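start35.pdb, holding PDB, C-alpha atoms:
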```
ATOM      1  CA  MET A  15      37.875  53.268  48.721
ATOM      2  CA  THR A  16      40.931  52.641  46.642
ATOM      3  CA  GLY A  17      40.396  48.954  46.137
ATOM      4  CA  VAL A  18      43.922  48.161  47.249
ATOM      5  CA  THR A  19      44.436  45.278  49.609
ATOM      6  CA  ILE A  20      46.815  46.153  52.412
ATOM      7  CA  ALA A  21      48.532  43.273  54.096
ATOM      8  CA  GLU A  22      49.662  43.185  57.706
ATOM      9  CA  PRO A  23      52.513  45.640  58.232
ATOM     10  CA  ALA A  24      55.186  43.505  56.746
ATOM     11  CA  SER A  25      58.752  44.404  57.566
ATOM     12  CA  PRO A  26      60.998  43.496  54.666
ATOM     13  CA  SER A  27      64.067  44.340  56.693
ATOM     14  CA  ARG A  28      63.094  41.893  59.371
ATOM     15  CA  THR A  29      62.287  39.159  56.890
ATOM     16  CA  ARG A  30      65.419  39.698  54.796
ATOM     17  CA  ALA A  31      67.657  39.928  57.837
ATOM     18  CA  ALA A  32      66.068  36.785  59.259
ATOM     19  CA  ARG A  33      67.564  34.736  56.437
ATOM     20  CA  PHE A  34      70.950  34.974  58.113
ATOM     21  CA  PRO A  35      70.408  36.686  61.465
ATOM     22  CA  GLY A  36      73.759  35.728  62.958
ATOM     23  CA  PHE A  37      75.931  37.075  60.139
ATOM     24  CA  GLY A  38      76.855  40.287  61.966
ATOM     25  CA  LEU A  39      77.733  38.410  65.142
ATOM     26  CA  ILE A  40      79.810  35.884  63.201
ATOM     27  CA  ALA A  41      81.629  38.698  61.383
ATOM     28  CA  ALA A  42      82.394  40.417  64.714
ATOM     29  CA  LEU A  43      83.640  37.170  66.257
ATOM     30  CA  VAL A  44      85.832  36.428  63.241
ATOM     31  CA  PHE A  45      87.195  39.968  63.453
ATOM     32  CA  ALA A  46      88.007  39.526  67.159
ATOM     33  CA  ALA A  47      89.650  36.161  66.487
ATOM     34  CA  THR A  48      91.806  37.395  63.603
ATOM     35  CA  GLN A  49      92.886  40.413  65.638
ATOM     36  CA  ALA A  50      93.834  38.189  68.567
ATOM     37  CA  PHE A  51      95.776  35.930  66.184
ATOM     38  CA  ALA A  52      97.680  38.863  64.702
ATOM     39  CA  LEU A  53      98.286  40.553  68.058
ATOM     40  CA  PHE A  54      99.558  37.547  69.956
ATOM     41  CA  THR A  55     101.359  35.454  67.339
ATOM     42  CA  THR A  56     103.474  38.058  65.555
ATOM     43  CA  PRO A  57     106.865  39.247  66.821
ATOM     44  CA  PRO A  58     107.846  42.941  67.086
ATOM     45  CA  ASP A  59     109.127  44.438  63.846
ATOM     46  CA  ARG A  60     112.859  45.248  63.548
ATOM     47  CA  ASP A  61     112.184  48.958  62.918
ATOM     48  CA  MET A  62     108.675  49.619  64.241
ATOM     49  CA  GLY A  63     108.721  47.337  67.264
ATOM     50  CA  ASN A  64     105.251  46.415  68.509
ATOM     51  CA  LEU A  65     103.700  49.313  66.609
ATOM     52  CA  VAL A  66     103.531  46.966  63.620
ATOM     53  CA  LYS A  67     100.439  45.500  65.300
ATOM     54  CA  ILE A  68      98.479  48.655  64.467
ATOM     55  CA  LEU A  69      98.872  47.762  60.789
ATOM     56  CA  PHE A  70      96.622  44.710  61.300
ATOM     57  CA  VAL A  71      93.661  47.069  61.682
ATOM     58  CA  HIS A  72      94.883  50.058  59.668
ATOM     59  CA  VAL A  73      95.665  48.174  56.449
ATOM     60  CA  PRO A  74      92.404  46.134  56.300
ATOM     61  CA  ALA A  75      90.368  49.267  57.049
ATOM     62  CA  ALA A  76      92.154  51.089  54.219
ATOM     63  CA  GLN A  77      91.832  48.251  51.710
ATOM     64  CA  VAL A  78      88.193  47.466  52.468
ATOM     65  CA  GLY A  79      87.453  51.201  52.535
ATOM     66  CA  LEU A  80      88.789  51.417  48.976
ATOM     67  CA  LEU A  81      86.630  48.422  48.091
ATOM     68  CA  SER A  82      83.525  50.204  49.363
ATOM     69  CA  VAL A  83      84.347  53.197  47.148
ATOM     70  CA  ALA A  84      84.833  50.820  44.209
ATOM     71  CA  LEU A  85      81.357  49.434  44.970
ATOM     72  CA  LEU A  86      80.064  53.007  44.988
ATOM     73  CA  LEU A  87      81.602  53.536  41.535
ATOM     74  CA  VAL A  88      80.145  50.346  40.044
ATOM     75  CA  SER A  89      76.689  50.980  41.541
ATOM     76  CA  SER A  90      76.685  54.576  40.322
ATOM     77  CA  VAL A  91      77.590  53.535  36.775
ATOM     78  CA  LEU A  92      74.946  50.801  36.856
ATOM     79  CA  TYR A  93      72.335  53.280  38.071
ATOM     80  CA  LEU A  94      73.053  55.715  35.239
ATOM     81  CA  TRP A  95      72.941  52.837  32.774
ATOM     82  CA  LYS A  96      69.903  50.891  34.015
ATOM     83  CA  ARG A  97      68.057  53.601  35.998
ATOM     84  CA  ASP A  98      67.204  50.985  38.615
ATOM     85  CA  GLU A  99      66.652  52.534  42.044
ATOM     86  CA  ARG A 100      68.278  49.572  43.798
ATOM     87  CA  TYR A 101      71.687  50.521  42.411
ATOM     88  CA  ASP A 102      71.238  54.031  43.792
ATOM     89  CA  LEU A 103      70.518  52.599  47.245
ATOM     90  CA  VAL A 104      73.501  50.232  47.070
ATOM     91  CA  ALA A 105      75.701  53.194  46.098
ATOM     92  CA  ALA A 106      74.418  55.275  49.024
ATOM     93  CA  SER A 107      74.974  52.377  51.425
ATOM     94  CA  ALA A 108      78.510  51.789  50.142
ATOM     95  CA  ALA A 109      79.298  55.508  50.470
ATOM     96  CA  GLU A 110      78.158  55.630  54.078
ATOM     97  CA  VAL A 111      80.209  52.574  55.028
ATOM     98  CA  GLY A 112      83.087  54.082  53.037
ATOM     99  CA  VAL A 113      82.978  57.206  55.213
ATOM    100  CA  VAL A 114      83.250  55.079  58.364
ATOM    101  CA  LEU A 115      86.151  53.002  57.045
ATOM    102  CA  THR A 116      88.047  55.912  55.492
ATOM    103  CA  ALA A 117      87.758  57.996  58.659
ATOM    104  CA  LEU A 118      88.904  54.972  60.665
ATOM    105  CA  THR A 119      91.848  54.485  58.287
ATOM    106  CA  LEU A 120      92.977  58.080  58.747
ATOM    107  CA  ALA A 121      92.589  57.913  62.534
ATOM    108  CA  LEU A 122      94.541  54.652  62.792
ATOM    109  CA  GLY A 123      97.233  55.923  60.423
ATOM    110  CA  SER A 124      97.572  59.017  62.550
ATOM    111  CA  ILE A 125      97.935  56.964  65.738
ATOM    112  CA  TRP A 126     100.587  54.843  64.018
ATOM    113  CA  GLY A 127     102.337  57.865  62.485
ATOM    114  CA  ARG A 128     102.842  59.807  65.701
ATOM    115  CA  PRO A 129     105.304  57.382  67.334
ATOM    116  CA  THR A 130     106.762  56.172  63.998
ATOM    117  CA  TRP A 131     107.130  59.336  61.908
ATOM    118  CA  GLY A 132     106.957  61.781  64.807
ATOM    119  CA  VAL A 133     103.865  63.584  63.459
ATOM    120  CA  TRP A 134     100.117  63.024  63.652
ATOM    121  CA  TRP A 135      99.638  64.276  60.101
ATOM    122  CA  THR A 136     101.701  65.222  57.065
ATOM    123  CA  TRP A 137     100.705  66.217  53.540
ATOM    124  CA  ASP A 138     102.031  62.989  52.056
ATOM    125  CA  PRO A 139     100.297  62.025  48.752
ATOM    126  CA  ARG A 140      98.790  58.851  50.233
ATOM    127  CA  LEU A 141      97.397  60.670  53.250
ATOM    128  CA  THR A 142      96.197  63.609  51.163
ATOM    129  CA  SER A 143      94.478  61.471  48.532
ATOM    130  CA  THR A 144      92.808  59.454  51.307
ATOM    131  CA  ALA A 145      91.599  62.686  52.932
ATOM    132  CA  VAL A 146      90.254  63.770  49.526
ATOM    133  CA  GLN A 147      88.426  60.436  49.324
ATOM    134  CA  LEU A 148      86.816  61.107  52.701
ATOM    135  CA  LEU A 149      85.765  64.601  51.607
ATOM    136  CA  ILE A 150      84.204  63.261  48.398
ATOM    137  CA  LEU A 151      82.255  60.634  50.352
ATOM    138  CA  VAL A 152      81.026  63.182  52.903
ATOM    139  CA  GLY A 153      80.093  65.472  50.008
ATOM    140  CA  TYR A 154      78.212  62.613  48.376
ATOM    141  CA  LEU A 155      76.125  62.038  51.525
ATOM    142  CA  ALA A 156      75.584  65.783  51.998
ATOM    143  CA  LEU A 157      74.356  66.076  48.411
ATOM    144  CA  ARG A 158      71.860  63.278  48.984
ATOM    145  CA  SER A 159      70.469  65.016  52.031
ATOM    146  CA  PHE A 160      70.072  68.345  50.161
ATOM    147  CA  VAL A 161      68.125  67.068  47.133
ATOM    148  CA  ASP A 162      64.528  65.996  47.794
ATOM    149  CA  GLU A 163      63.490  64.786  44.355
ATOM    150  CA  ALA A 164      64.488  61.109  44.180
ATOM    151  CA  ASP A 165      65.433  60.835  40.489
ATOM    152  CA  ARG A 166      67.455  64.028  40.462
ATOM    153  CA  ARG A 167      69.171  63.025  43.718
ATOM    154  CA  ALA A 168      70.104  59.659  42.265
ATOM    155  CA  VAL A 169      71.561  61.113  39.051
ATOM    156  CA  TRP A 170      73.553  63.851  40.766
ATOM    157  CA  SER A 171      74.881  61.585  43.462
ATOM    158  CA  ALA A 172      75.806  58.954  40.849
ATOM    159  CA  ALA A 173      77.971  61.600  39.169
ATOM    160  CA  VAL A 174      79.706  62.352  42.482
ATOM    161  CA  GLY A 175      79.997  58.619  43.162
ATOM    162  CA  ILE A 176      81.835  58.137  39.866
ATOM    163  CA  LEU A 177      84.148  61.018  40.769
ATOM    164  CA  GLY A 178      84.858  59.314  44.112
ATOM    165  CA  GLY A 179      85.549  56.046  42.323
ATOM    166  CA  LEU A 180      88.050  57.708  40.022
ATOM    167  CA  ASN A 181      90.029  58.700  43.111
ATOM    168  CA  VAL A 182      90.539  55.029  44.083
ATOM    169  CA  PRO A 183      93.434  54.336  41.660
ATOM    170  CA  ILE A 184      95.034  57.628  42.710
ATOM    171  CA  VAL A 185      94.920  56.571  46.376
ATOM    172  CA  TYR A 186      96.194  53.098  45.532
ATOM    173  CA  MET A 187      99.003  54.190  43.215
ATOM    174  CA  SER A 188     100.032  57.317  45.145
ATOM    175  CA  VAL A 189     102.805  55.461  46.974
ATOM    176  CA  LYS A 190     104.267  54.326  43.634
ATOM    177  CA  TRP A 191     103.801  57.543  41.680
ATOM    178  CA  TRP A 192     105.151  59.841  44.403
ATOM    179  CA  ARG A 193     107.698  58.122  46.633
ATOM    180  CA  THR A 194     107.551  60.175  49.824
ATOM    181  CA  LEU A 195     106.953  59.260  53.456
ATOM    182  CA  HIS A 196     104.271  56.567  53.298
ATOM    183  CA  GLN A 197     105.664  53.109  52.631
ATOM    184  CA  MET A 198     104.599  50.889  49.715
ATOM    185  CA  GLN A 199     101.301  49.022  49.860
ATOM    186  CA  SER A 200     101.259  46.410  52.613
ATOM    187  CA  SER A 201     100.599  43.120  50.861
ATOM    188  CA  PRO A 202     101.998  39.589  51.227
ATOM    189  CA  SER A 203     104.626  40.502  48.621
ATOM    190  CA  THR A 204     105.838  43.626  50.434
ATOM    191  CA  VAL A 205     105.739  42.543  54.087
ATOM    192  CA  ASP A 206     107.658  39.856  55.909
ATOM    193  CA  PRO A 207     105.902  36.445  55.652
ATOM    194  CA  VAL A 208     105.530  36.359  59.420
ATOM    195  CA  TYR A 209     103.018  39.233  59.153
ATOM    196  CA  ALA A 210     101.326  38.163  55.927
ATOM    197  CA  TRP A 211      98.778  35.804  57.477
ATOM    198  CA  GLY A 212      97.755  38.370  60.074
ATOM    199  CA  LEU A 213      97.084  40.847  57.286
ATOM    200  CA  ARG A 214      95.250  38.346  55.092
ATOM    201  CA  LEU A 215      92.979  37.094  57.879
ATOM    202  CA  ASN A 216      92.138  40.591  59.062
ATOM    203  CA  ASP A 217      91.381  41.578  55.472
ATOM    204  CA  VAL A 218      88.859  38.737  55.242
ATOM    205  CA  ALA A 219      87.302  39.693  58.601
ATOM    206  CA  MET A 220      86.981  43.340  57.581
ATOM    207  CA  LEU A 221      85.465  42.233  54.262
ATOM    208  CA  LEU A 222      82.789  40.264  56.148
ATOM    209  CA  LEU A 223      81.996  43.392  58.151
ATOM    210  CA  LEU A 224      81.759  45.413  54.934
ATOM    211  CA  ILE A 225      79.269  42.928  53.472
ATOM    212  CA  PHE A 226      77.227  42.980  56.675
ATOM    213  CA  PHE A 227      77.186  46.781  56.950
ATOM    214  CA  VAL A 228      76.346  47.479  53.309
ATOM    215  CA  ARG A 229      73.624  44.852  53.250
ATOM    216  CA  ARG A 230      71.989  46.131  56.454
ATOM    217  CA  ARG A 231      72.199  49.753  55.325
ATOM    218  CA  TYR A 232      70.718  48.844  51.952
ATOM    219  CA  GLU A 233      67.807  46.993  53.553
ATOM    220  CA  ALA A 234      67.036  49.930  55.834
ATOM    221  CA  ALA A 235      67.237  52.377  52.913
ATOM    222  CA  ARG A 236      64.914  50.231  50.847
ATOM    223  CA  THR A 237      62.390  49.933  53.648
ATOM    224  CA  GLN A 238      62.462  53.695  54.115
ATOM    225  CA  ARG A 239      62.008  54.308  50.393
ATOM    226  CA  GLU A 240      58.988  51.989  50.296
ATOM    227  CA  ALA A 241      57.500  53.755  53.306
ATOM    228  CA  GLU A 242      57.965  57.166  51.670
ATOM    229  CA  GLU A 243      56.267  55.959  48.492
ATOM    230  CA  MET A 244      53.346  54.584  50.490
ATOM    231  CA  LEU A 245      52.981  57.796  52.503
ATOM    232  CA  GLU A 246      53.006  59.794  49.284
ATOM    233  CA  SER A 247      50.331  57.526  47.825
ATOM    234  CA  ALA A 248      48.243  57.833  50.987
ATOM    235  CA  ALA A 249      48.525  61.624  50.914
ATOM    236  CA  LEU A 250      47.474  61.800  47.260
ATOM    237  CA  GLY A 251      44.773  59.123  47.616
ATOM    238  CA  ARG A 252      46.536  57.082  44.946
ATOM    239  CA  PRO A 253      46.409  53.294  44.823
ATOM    240  CA  VAL A 254      49.731  51.744  45.750
ATOM    241  CA  PRO A 255      51.365  48.806  44.059
ATOM    242  CA  ASN A 256      50.754  45.602  45.991
ATOM    243  CA  GLU A 257      54.490  45.000  46.001
ATOM    244  CA  ALA A 258      55.052  48.143  48.043
ATOM    245  CA  ALA A 259      52.145  47.469  50.359
ATOM    246  CA  ASN A 260      53.034  43.873  51.019
ATOM    247  CA  GLY A 261      56.813  44.295  51.006
TER
ATOM    248  CA  MET B 112     105.081  50.494  77.481
ATOM    249  CA  GLY B 113     104.897  53.763  75.523
ATOM    250  CA  GLU B 114     104.147  52.062  72.221
ATOM    251  CA  TRP B 115     101.400  49.917  73.766
ATOM    252  CA  ARG B 116      99.424  53.069  74.569
ATOM    253  CA  PHE B 117      99.169  53.706  70.832
ATOM    254  CA  ILE B 118      98.308  50.081  70.081
ATOM    255  CA  ILE B 119      95.558  50.006  72.720
ATOM    256  CA  ALA B 120      94.228  53.346  71.438
ATOM    257  CA  ALA B 121      94.151  52.012  67.858
ATOM    258  CA  TYR B 122      92.260  48.828  68.707
ATOM    259  CA  THR B 123      89.880  50.666  71.050
ATOM    260  CA  ILE B 124      89.020  53.239  68.379
ATOM    261  CA  THR B 125      88.493  50.453  65.840
ATOM    262  CA  TRP B 126      86.002  48.609  68.035
ATOM    263  CA  ILE B 127      84.181  51.738  69.185
ATOM    264  CA  THR B 128      83.816  52.888  65.573
ATOM    265  CA  LEU B 129      82.605  49.569  64.190
ATOM    266  CA  LEU B 130      80.300  48.731  67.097
ATOM    267  CA  GLY B 131      79.006  52.293  67.105
ATOM    268  CA  TYR B 132      78.169  52.055  63.420
ATOM    269  CA  GLY B 133      76.460  48.707  64.047
ATOM    270  CA  VAL B 134      74.256  50.293  66.728
ATOM    271  CA  TYR B 135      73.504  53.202  64.385
ATOM    272  CA  LEU B 136      72.389  50.709  61.711
ATOM    273  CA  VAL B 137      70.000  49.039  64.148
ATOM    274  CA  ARG B 138      68.453  52.429  64.936
ATOM    275  CA  VAL B 139      68.170  53.354  61.252
ATOM    276  CA  ARG B 140      66.452  50.055  60.521
ATOM    277  CA  LYS B 141      63.995  50.455  63.384
ATOM    278  CA  ARG B 142      63.182  53.998  62.283
ATOM    279  CA  ALA B 143      62.546  52.786  58.722
ATOM    280  CA  GLU B 144      60.293  49.984  59.979
ATOM    281  CA  THR B 145      58.337  52.398  62.170
ATOM    282  CA  LEU B 146      57.871  54.705  59.183
ATOM    283  CA  ARG B 147      56.684  51.817  57.084
ATOM    284  CA  ASP B 148      54.202  50.648  59.724
ATOM    285  CA  GLU B 149      52.867  54.204  59.927
ATOM    286  CA  ALA B 150      52.514  54.298  56.135
ATOM    287  CA  VAL B 151      50.564  51.039  56.165
ATOM    288  CA  ARG B 152      48.262  52.411  58.877
ATOM    289  CA  GLN B 153      47.613  55.541  56.862
ATOM    290  CA  LEU B 154      46.864  53.528  53.739
ATOM    291  CA  ARG B 155      44.419  51.383  55.719
ATOM    292  CA  ARG B 156      42.623  54.456  56.982
ATOM    293  CA  GLY B 157      42.325  55.708  53.431
ATOM    294  CA  ASP B 158      41.164  52.291  52.280
ATOM    295  CA  SER B 159      38.254  51.953  54.730
TER
END
```
Please express what this file holds, its structure, as structure tokens.
Amino acid sequence: MTGVTIAEPASPSRTRAARFPGFGLIAALVFAATQAFALFTTPPDRDMGNLVKILFVHVPAAQVGLLSVALLLVSSVLYLWKRDERYDLVAASAAEVGVVLTALTLALGSIWGRPTWGVWWTWDPRLTSTAVQLLILVGYLALRSFVDEADRRAVWSAAVGILGGLNVPIVYMSVKWWRTLHQMQSSPSTVDPVYAWGLRLNDVAMLLLLIFFVRRRYEAARTQREAEEMLESAALGRPVPNEAANG
Amino acid sequence: MGEWRFIIAAYTITWITLLGYGVYLVRVRKRAETLRDEAVRQLRRGDS
């Protein structure tokens, strides 16, 4: 008899997600709408022709992917500073979403590059630094899966997360520092105004998806962490904090 | 028509990737909830 009151199996993920259950659906619908807007309202580009329409998914994926790595950096620094486990879980969630978006960026860039540049891949600084970013993120997730002890895993992965974050300005500035094949950043100041709104709106839609993904991944990670702590307590016959038992 | 093959491929890959990750997140969440329910059951057994 441990004297601990166990509530009904509460599911924090369910309760937290229930606060705004339709957010993911809304984000997906907004994404579909902004893509349709960009696809069907913009004219072919003078040089690229209709291939310019690929940039409405490639550029937002790249920009929001960089944002997820920036979130990884901030969360990693905050974890090392505050030693609060929540920052570690936010960092891990941002890294996982970052892998998805960075891989998508590279795939879309490759599809755009083949008919435009004539190659699927070239060792251009922007492409190379983005590939390095993907490798760092995959390494970050691999490291987390190799280390069992939670505190050590959090500290080591925070160090790798900071390293990944330091690569963000290199990726961003690579097209300015080394003028090679990849064009300058696509922003309202560097693209024709007729394409600017398509880019802006798709950026916002991709940002909504980032928020949805990171939040959902964080909630799942937190639920899993609570479950692991409870299982450990049950195995050792230790009382568990009511917070963990009740969610 | 040639360039539209690349455009269709790009948008298809985007949706498959993002929807696929969304489905993966649902599975991860369900697995975490199952683990948590199991942990609560084990704690109850130890409690009684």
Might you pull out every residue within 6 Å of segment 134-147 of chain B, with only C-alpha atoms counted and same-chain residues fewer than 2 positions away left off, and present them as a PDB file with C-alpha atoms, keeping the file's coordinate frame?
```
ATOM      1  CA  ALA A 234      67.036  49.930  55.834  1.00  0.00           C
ATOM      2  CA  THR A 237      62.390  49.933  53.648  1.00  0.00           C
ATOM      3  CA  GLN A 238      62.462  53.695  54.115  1.00  0.00           C
ATOM      4  CA  ALA A 241      57.500  53.755  53.306  1.00  0.00           C
TER       5      ALA A 241
ATOM      6  CA  GLY B 131      79.006  52.293  67.105  1.00  0.00           C
ATOM      7  CA  TYR B 132      78.169  52.055  63.420  1.00  0.00           C
ATOM      8  CA  GLU B 149      52.867  54.204  59.927  1.00  0.00           C
ATOM      9  CA  ALA B 150      52.514  54.298  56.135  1.00  0.00           C
TER      10      ALA B 150
END
```
*Resolved residues for the PyMOL selection byres ((chain A and resi 220-223) around 9) as number ranges by chain*: A: 37-38, 40-42, 44-45, 71, 74-75, 78, 81, 215-219, 224-228; B: 129
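Atom CA of Leu65 of chain A to atom CA of Ala46 of chain A spans 18.5 Å [interatomic distance, one decimal].
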*So which one's closest to Thr128 of chain B, A:Val111, A:Leu177, A:Met62, A:Ala106? Using all atoms listed in the file, please.*
A:Val111
*May I ask for the distance between atom CA of Ile176 of chain A and atom CA of Ser107 of chain A, given in Å to one decimal place?*
14.6 Å
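With atom CA of Thr142 of chain A on one side and atom CA of Gly127 of chain A on the other, the separation reads 14.1 Å.
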*Name the residues in contact with Val91 of chain A at a cut-off of 9 Å, using all atoms listed in the file, excluding same-chain residues fewer than 4 positions from it; report them as a ChimeraX atom specification.*
/A:86-87,95-96,101,172-173,175-176
*asked:* I'd like the neighbourhood of Ser143 of chain A as a ChimeraX atom specification, where a residue qualifies if any of its atoms comes within 8 Å (using all atoms listed in the file), though same-chain residues fewer than 5 positions away should be ignored.
replied: /A:181,184-185,188
For the selection just defined, write its residues with C-alpha atoms to a file, as an mmCIF file, in the coordinates of the input.
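Printed below is result-v7.cif as written:
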```
data_model
loop_
_atom_site.group_PDB
_atom_site.id
_atom_site.type_symbol
_atom_site.label_atom_id
_atom_site.label_comp_id
_atom_site.auth_asym_id
_atom_site.auth_seq_id
_atom_site.Cartn_x
_atom_site.Cartn_y
_atom_site.Cartn_z
ATOM 1 C CA ASN A 181 90.029 58.700 43.111
ATOM 2 C CA ILE A 184 95.034 57.628 42.710
ATOM 3 C CA VAL A 185 94.920 56.571 46.376
ATOM 4 C CA SER A 188 100.032 57.317 45.145
#
```
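Comparing the minimum interatomic distances between His196 of chain A and each of A:Pro139, A:Gly112, A:Pro57, A:Gly132, counting all atoms listed in the file, we find that A:Pro139 sits nearest.
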*Just so the selection is clear, what residues does the PyMOL selection byres ((chain B and resi 154) around 8) cover here, as a PyMOL selection string?*
(chain A and resi 20+244-245+247-248) or (chain B and resi 150-153+155-158)
Can those selected residues be exported to a file as a PDB file, in the frame of the given file so that it contains C-alpha atoms?
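Output below, filename result.pdb:
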```
ATOM      1  CA  ILE A  20      46.815  46.153  52.412  1.00  0.00           C
ATOM      2  CA  MET A 244      53.346  54.584  50.490  1.00  0.00           C
ATOM      3  CA  LEU A 245      52.981  57.796  52.503  1.00  0.00           C
ATOM      4  CA  SER A 247      50.331  57.526  47.825  1.00  0.00           C
ATOM      5  CA  ALA A 248      48.243  57.833  50.987  1.00  0.00           C
TER       6      ALA A 248
ATOM      7  CA  ALA B 150      52.514  54.298  56.135  1.00  0.00           C
ATOM      8  CA  VAL B 151      50.564  51.039  56.165  1.00  0.00           C
ATOM      9  CA  ARG B 152      48.262  52.411  58.877  1.00  0.00           C
ATOM     10  CA  GLN B 153      47.613  55.541  56.862  1.00  0.00           C
ATOM     11  CA  ARG B 155      44.419  51.383  55.719  1.00  0.00           C
ATOM     12  CA  ARG B 156      42.623  54.456  56.982  1.00  0.00           C
ATOM     13  CA  GLY B 157      42.325  55.708  53.431  1.00  0.00           C
ATOM     14  CA  ASP B 158      41.164  52.291  52.280  1.00  0.00           C
TER      15      ASP B 158
END
```
_Reference answer for the PyMOL selection byres ((chain A and resi 63) around 12), as JSON, numbers by chain_ = {"A": [56, 57, 58, 59, 60, 61, 62, 64, 65, 66, 67, 68, 69, 126, 129, 130], "B": [112, 113, 114, 115, 118]}
*Would you mind telling me which residue in A:Phe54, A:Ile125, A:Gly178, A:Val161 lies nearest to Leu149 of chain A when using all atoms listed in the file?*
A:Gly178
*Please, which residues are within 9 Å of (94.9, 46.4, 70.8) by the file's coordinates, counting only C-alpha atoms, and could they come as an MDAnalysis selection string?*
(chainID A and resid 49:50 53 67:68) or (chainID B and resid 115:123)
